[in-house]
Amino acid sequence: MTFHAVNRNSAEALFQQIANVLKDEIDAIYQPGDYLPSEQQLAERFSVNRHTLRRAIDELVHEGYVERRHGKGTLIMERALDYSMHSNSRFTESLEAKGKRADNQVVRKLVMPARGGVRKKLTLNEGDPIIFLETLRKVDDAPFCIISHFLPLKNFECVEARYDRGSLHKFIKDNLELDLRRTESLITSIQPRGDDAVLLNMPQQMPVLRVKSLNIDTNSGTPVEYAVTRFRSDRIQLSVNF
């Protein structure tokens with residue numbers, strides 16, 4: 001690939017031209033975890049002052065291409081993964097179709113009484129027993145999201161007894177012959193809570209992308225799973241199509 005030099009006669013600002021050149025190079029020749037040359041080296045290469053070069057790097061930081069590391073330099077970040085969310089989307093299958101290695105492990109599992117919003121979403125009586133599962137999803141061995149699943153205990157005892165990793169919906173399909181379909185997803189940006197930041201290996205001040213979803217049994221239309229997913233906001237770009 002040929003990388004074009006900046007054009008000082010262009011109407012486009014120099015810092016933006018430099019940012020565009022560096023983005024092309026990051027996509028073509030760098031890997032996540034690499035470092036860009038120093039700002040001094042880049043300023044000399046493009047024959048600009050340090051202020052102009054820093055503005056170019058600021059653009060890359062803003063768009064999630066790089067992160068400044070004090071005392072080390074400018075780190076190439078892993079690009080956000082496009083994840084399509086629709087009524088029948090499945091985490092493991094969707095990512096494996098992109099050539100990614102997906103893993104899912106149970107962090108917590110217990111039976112608790114249905115209360116508040118979860119009870120309403122699952123149309124249960126106050127105090128009915130539900131299964132609470134918390135799973136950590138990884139993509140290519142890196143933490144990707146945490147999901148809190150809530151299911152009625154009645155008819156889903158096998159989930160509480162035997163499910164321990166892999167696709168939850170595939171487990172339900174294989175063991176209960178039920179197909180689930182998503183009917184809604186509410187998306188919000190929030191600060192990580194509890195131990196989410198630790199599990200996702202991310203800074204506490206970085207927001208997570210929270211998605212609240214409801215899944216129904218496709219045959220009966222009965223709500224059977226309410227899920228609250230927290231994605232690392234720097235690792236995902238959601239495409240929603242219902």
# chains A, B, ... in the order shown; residues from 1 in each chain; ligands from 1
$ residues_around --residues "Ile190 (chain A)" --least-positions-apart "6" --cutoff "7 Å" --atoms "only C-alpha atoms" --output "list in words"
Pro207, Val208, Leu209 and Arg210 of chain A
$ write_last_selection --atoms "all heavy atoms" --output "PDB file, in the first residue's frame"
ATOM      1  N   PRO A 207     -16.621   4.237  30.578  1.00  0.00           N
ATOM      2  CA  PRO A 207     -18.000   3.763  30.606  1.00  0.00           C
ATOM      3  C   PRO A 207     -18.157   2.398  29.952  1.00  0.00           C
ATOM      4  O   PRO A 207     -17.337   1.988  29.127  1.00  0.00           O
ATOM      5  CB  PRO A 207     -18.759   4.836  29.813  1.00  0.00           C
ATOM      6  CG  PRO A 207     -17.744   5.431  28.914  1.00  0.00           C
ATOM      7  CD  PRO A 207     -16.447   5.383  29.663  1.00  0.00           C
ATOM      8  N   VAL A 208     -19.202   1.696  30.367  1.00  0.00           N
ATOM      9  CA  VAL A 208     -19.596   0.466  29.689  1.00  0.00           C
ATOM     10  C   VAL A 208     -20.884   0.742  28.921  1.00  0.00           C
ATOM     11  O   VAL A 208     -21.624   1.686  29.218  1.00  0.00           O
ATOM     12  CB  VAL A 208     -19.836  -0.696  30.679  1.00  0.00           C
ATOM     13  CG1 VAL A 208     -18.551  -1.093  31.366  1.00  0.00           C
ATOM     14  CG2 VAL A 208     -20.908  -0.341  31.707  1.00  0.00           C
ATOM     15  N   LEU A 209     -21.134  -0.070  27.907  1.00  0.00           N
ATOM     16  CA  LEU A 209     -22.360   0.022  27.136  1.00  0.00           C
ATOM     17  C   LEU A 209     -23.304  -1.043  27.683  1.00  0.00           C
ATOM     18  O   LEU A 209     -23.052  -2.238  27.527  1.00  0.00           O
ATOM     19  CB  LEU A 209     -22.068  -0.212  25.654  1.00  0.00           C
ATOM     20  CG  LEU A 209     -23.072   0.337  24.643  1.00  0.00           C
ATOM     21  CD1 LEU A 209     -23.235   1.847  24.795  1.00  0.00           C
ATOM     22  CD2 LEU A 209     -22.612  -0.003  23.233  1.00  0.00           C
ATOM     23  N   ARG A 210     -24.381  -0.605  28.346  1.00  0.00           N
ATOM     24  CA  ARG A 210     -25.321  -1.543  28.972  1.00  0.00           C
ATOM     25  C   ARG A 210     -26.511  -1.790  28.048  1.00  0.00           C
ATOM     26  O   ARG A 210     -27.121  -0.852  27.543  1.00  0.00           O
ATOM     27  CB  ARG A 210     -25.814  -0.998  30.310  1.00  0.00           C
ATOM     28  CG  ARG A 210     -26.747  -1.952  31.058  1.00  0.00           C
ATOM     29  CD  ARG A 210     -27.215  -1.359  32.364  1.00  0.00           C
ATOM     30  NE  ARG A 210     -28.053  -0.186  32.139  1.00  0.00           N
ATOM     31  CZ  ARG A 210     -28.484   0.617  33.121  1.00  0.00           C
ATOM     32  NH1 ARG A 210     -28.107   0.386  34.363  1.00  0.00           N
ATOM     33  NH2 ARG A 210     -29.246   1.653  32.842  1.00  0.00           N
TER      34      ARG A 210
END
$ closest_atom_pairs --of "region 108-193 of chain A" --to "region 224-228 of chain A" --cutoff "9 Å" --atoms "only C-alpha atoms" --output "tab-separated table"
residue	atom	partner	partner_atom	distance
A:Val118	CA	A:Tyr226	CA	7.0
A:Lys121	CA	A:Tyr226	CA	6.8
A:Leu122	CA	A:Val224	CA	6.3
A:Ile146	CA	A:Val228	CA	8.3
A:Ile147	CA	A:Val228	CA	5.6
A:Ser148	CA	A:Val228	CA	5.1
A:His149	CA	A:Ala227	CA	4.5
A:Phe150	CA	A:Tyr226	CA	5.2
A:Leu151	CA	A:Glu225	CA	4.8
A:Pro152	CA	A:Val224	CA	6.7
A:Leu180	CA	A:Val224	CA	8.0
$ write_last_selection --atoms "C-alpha atoms" --output "compact mmCIF listing (two decimals), in the first residue's frame"
# COMPACT_ATOMS: atom_id res chain seq x y z
CA VAL A 118 -37.04 -8.47 36.81
CA LYS A 121 -40.26 -8.42 32.79
CA LEU A 122 -40.68 -12.17 33.34
CA ILE A 146 -20.48 -9.35 31.36
CA ILE A 147 -24.07 -10.62 31.19
CA SER A 148 -26.54 -11.00 34.05
CA HIS A 149 -29.21 -13.54 33.04
CA PHE A 150 -32.50 -14.00 34.88
CA LEU A 151 -34.71 -17.02 34.13
CA PRO A 152 -37.67 -18.56 35.97
CA LEU A 180 -35.64 -17.91 22.17
$ select_by_dssp --residues "region 181-222 of chain A" --states "alpha helix (DSSP H)" --output "MDAnalysis selection string"
chainID A and resid 196:199
$ residues_around --residues "Val211 (chain A)" --least-positions-apart "5" --cutoff "7 Å" --atoms "only C-alpha atoms" --output "ChimeraX atom specification"
/A:185-188,228-230
$ write_last_selection --atoms "N, CA and C atoms" --output "CSV table (one decimal), in the first residue's frame"
chain,number,residue,atom,x,y,z
A,185,SER,N,-34.4,-4.4,23.2
A,185,SER,CA,-33.1,-4.1,23.8
A,185,SER,C,-33.0,-2.6,24.1
A,186,LEU,N,-32.7,-2.3,25.3
A,186,LEU,CA,-32.5,-0.9,25.7
A,186,LEU,C,-31.1,-0.6,26.0
A,187,ILE,N,-30.5,0.4,25.3
A,187,ILE,CA,-29.0,0.6,25.3
A,187,ILE,C,-28.7,1.9,26.0
A,188,THR,N,-27.8,1.8,27.0
A,188,THR,CA,-27.4,3.0,27.8
A,188,THR,C,-25.9,3.0,28.1
A,228,VAL,N,-29.1,-8.5,31.2
A,228,VAL,CA,-28.4,-7.2,31.3
A,228,VAL,C,-27.0,-7.3,31.0
A,229,THR,N,-26.6,-6.8,29.8
A,229,THR,CA,-25.2,-7.0,29.3
A,229,THR,C,-24.4,-5.7,29.4
A,230,ARG,N,-23.2,-5.8,29.9
A,230,ARG,CA,-22.3,-4.7,30.0
A,230,ARG,C,-21.1,-4.9,29.1
$ residues_around --residues "Asp141 (chain A)" --least-positions-apart "3" --cutoff "10 Å" --atoms "only C-alpha atoms" --output "list in words"
Lys100, Arg101, Ala102, Asp103, Arg137, Lys138 and Phe144 of chain A
$ closest_residue --among "A:Lys170, A:His51, A:Arg232, A:Arg181" --to "Gln205 (chain A)" --atoms "only C-alpha atoms"
A:Arg232
$ closest_residue --among "A:Val198, A:Asn219, A:Pro143, A:Val107" --to "Asp179 (chain A)" --atoms "only C-alpha atoms"
A:Asn219
$ residues_around --residues "region 69-74 of chain A" --least-positions-apart "6" --cutoff "10 Å" --atoms "only C-alpha atoms" --output "list of chain:residue names"
A:Gly33, A:Asp34, A:Tyr35, A:Leu36, A:Pro37, A:Ser38, A:Glu39, A:Ile57, A:Leu60, A:Val61
$ closest_residue --among "A:Leu136, A:Ala142, A:Ile131, A:Val240" --to "Glu157 (chain A)" --atoms "only C-alpha atoms"
A:Ile131
$ residues_around --residues "Glu63 (chain A)" --least-positions-apart "5" --cutoff "12 Å" --atoms "only C-alpha atoms" --output "list in words"
Ala19, Asn20, Lys23, Ala56, Ile57, Asp58, Ile76, Met77, Glu78, Arg79, Ala80 and Asp234 of chain A
$ atom_distance --atom1 "CA of Ile18 (chain A)" --atom2 "CA of Arg45 (chain A)"
10.3 Å
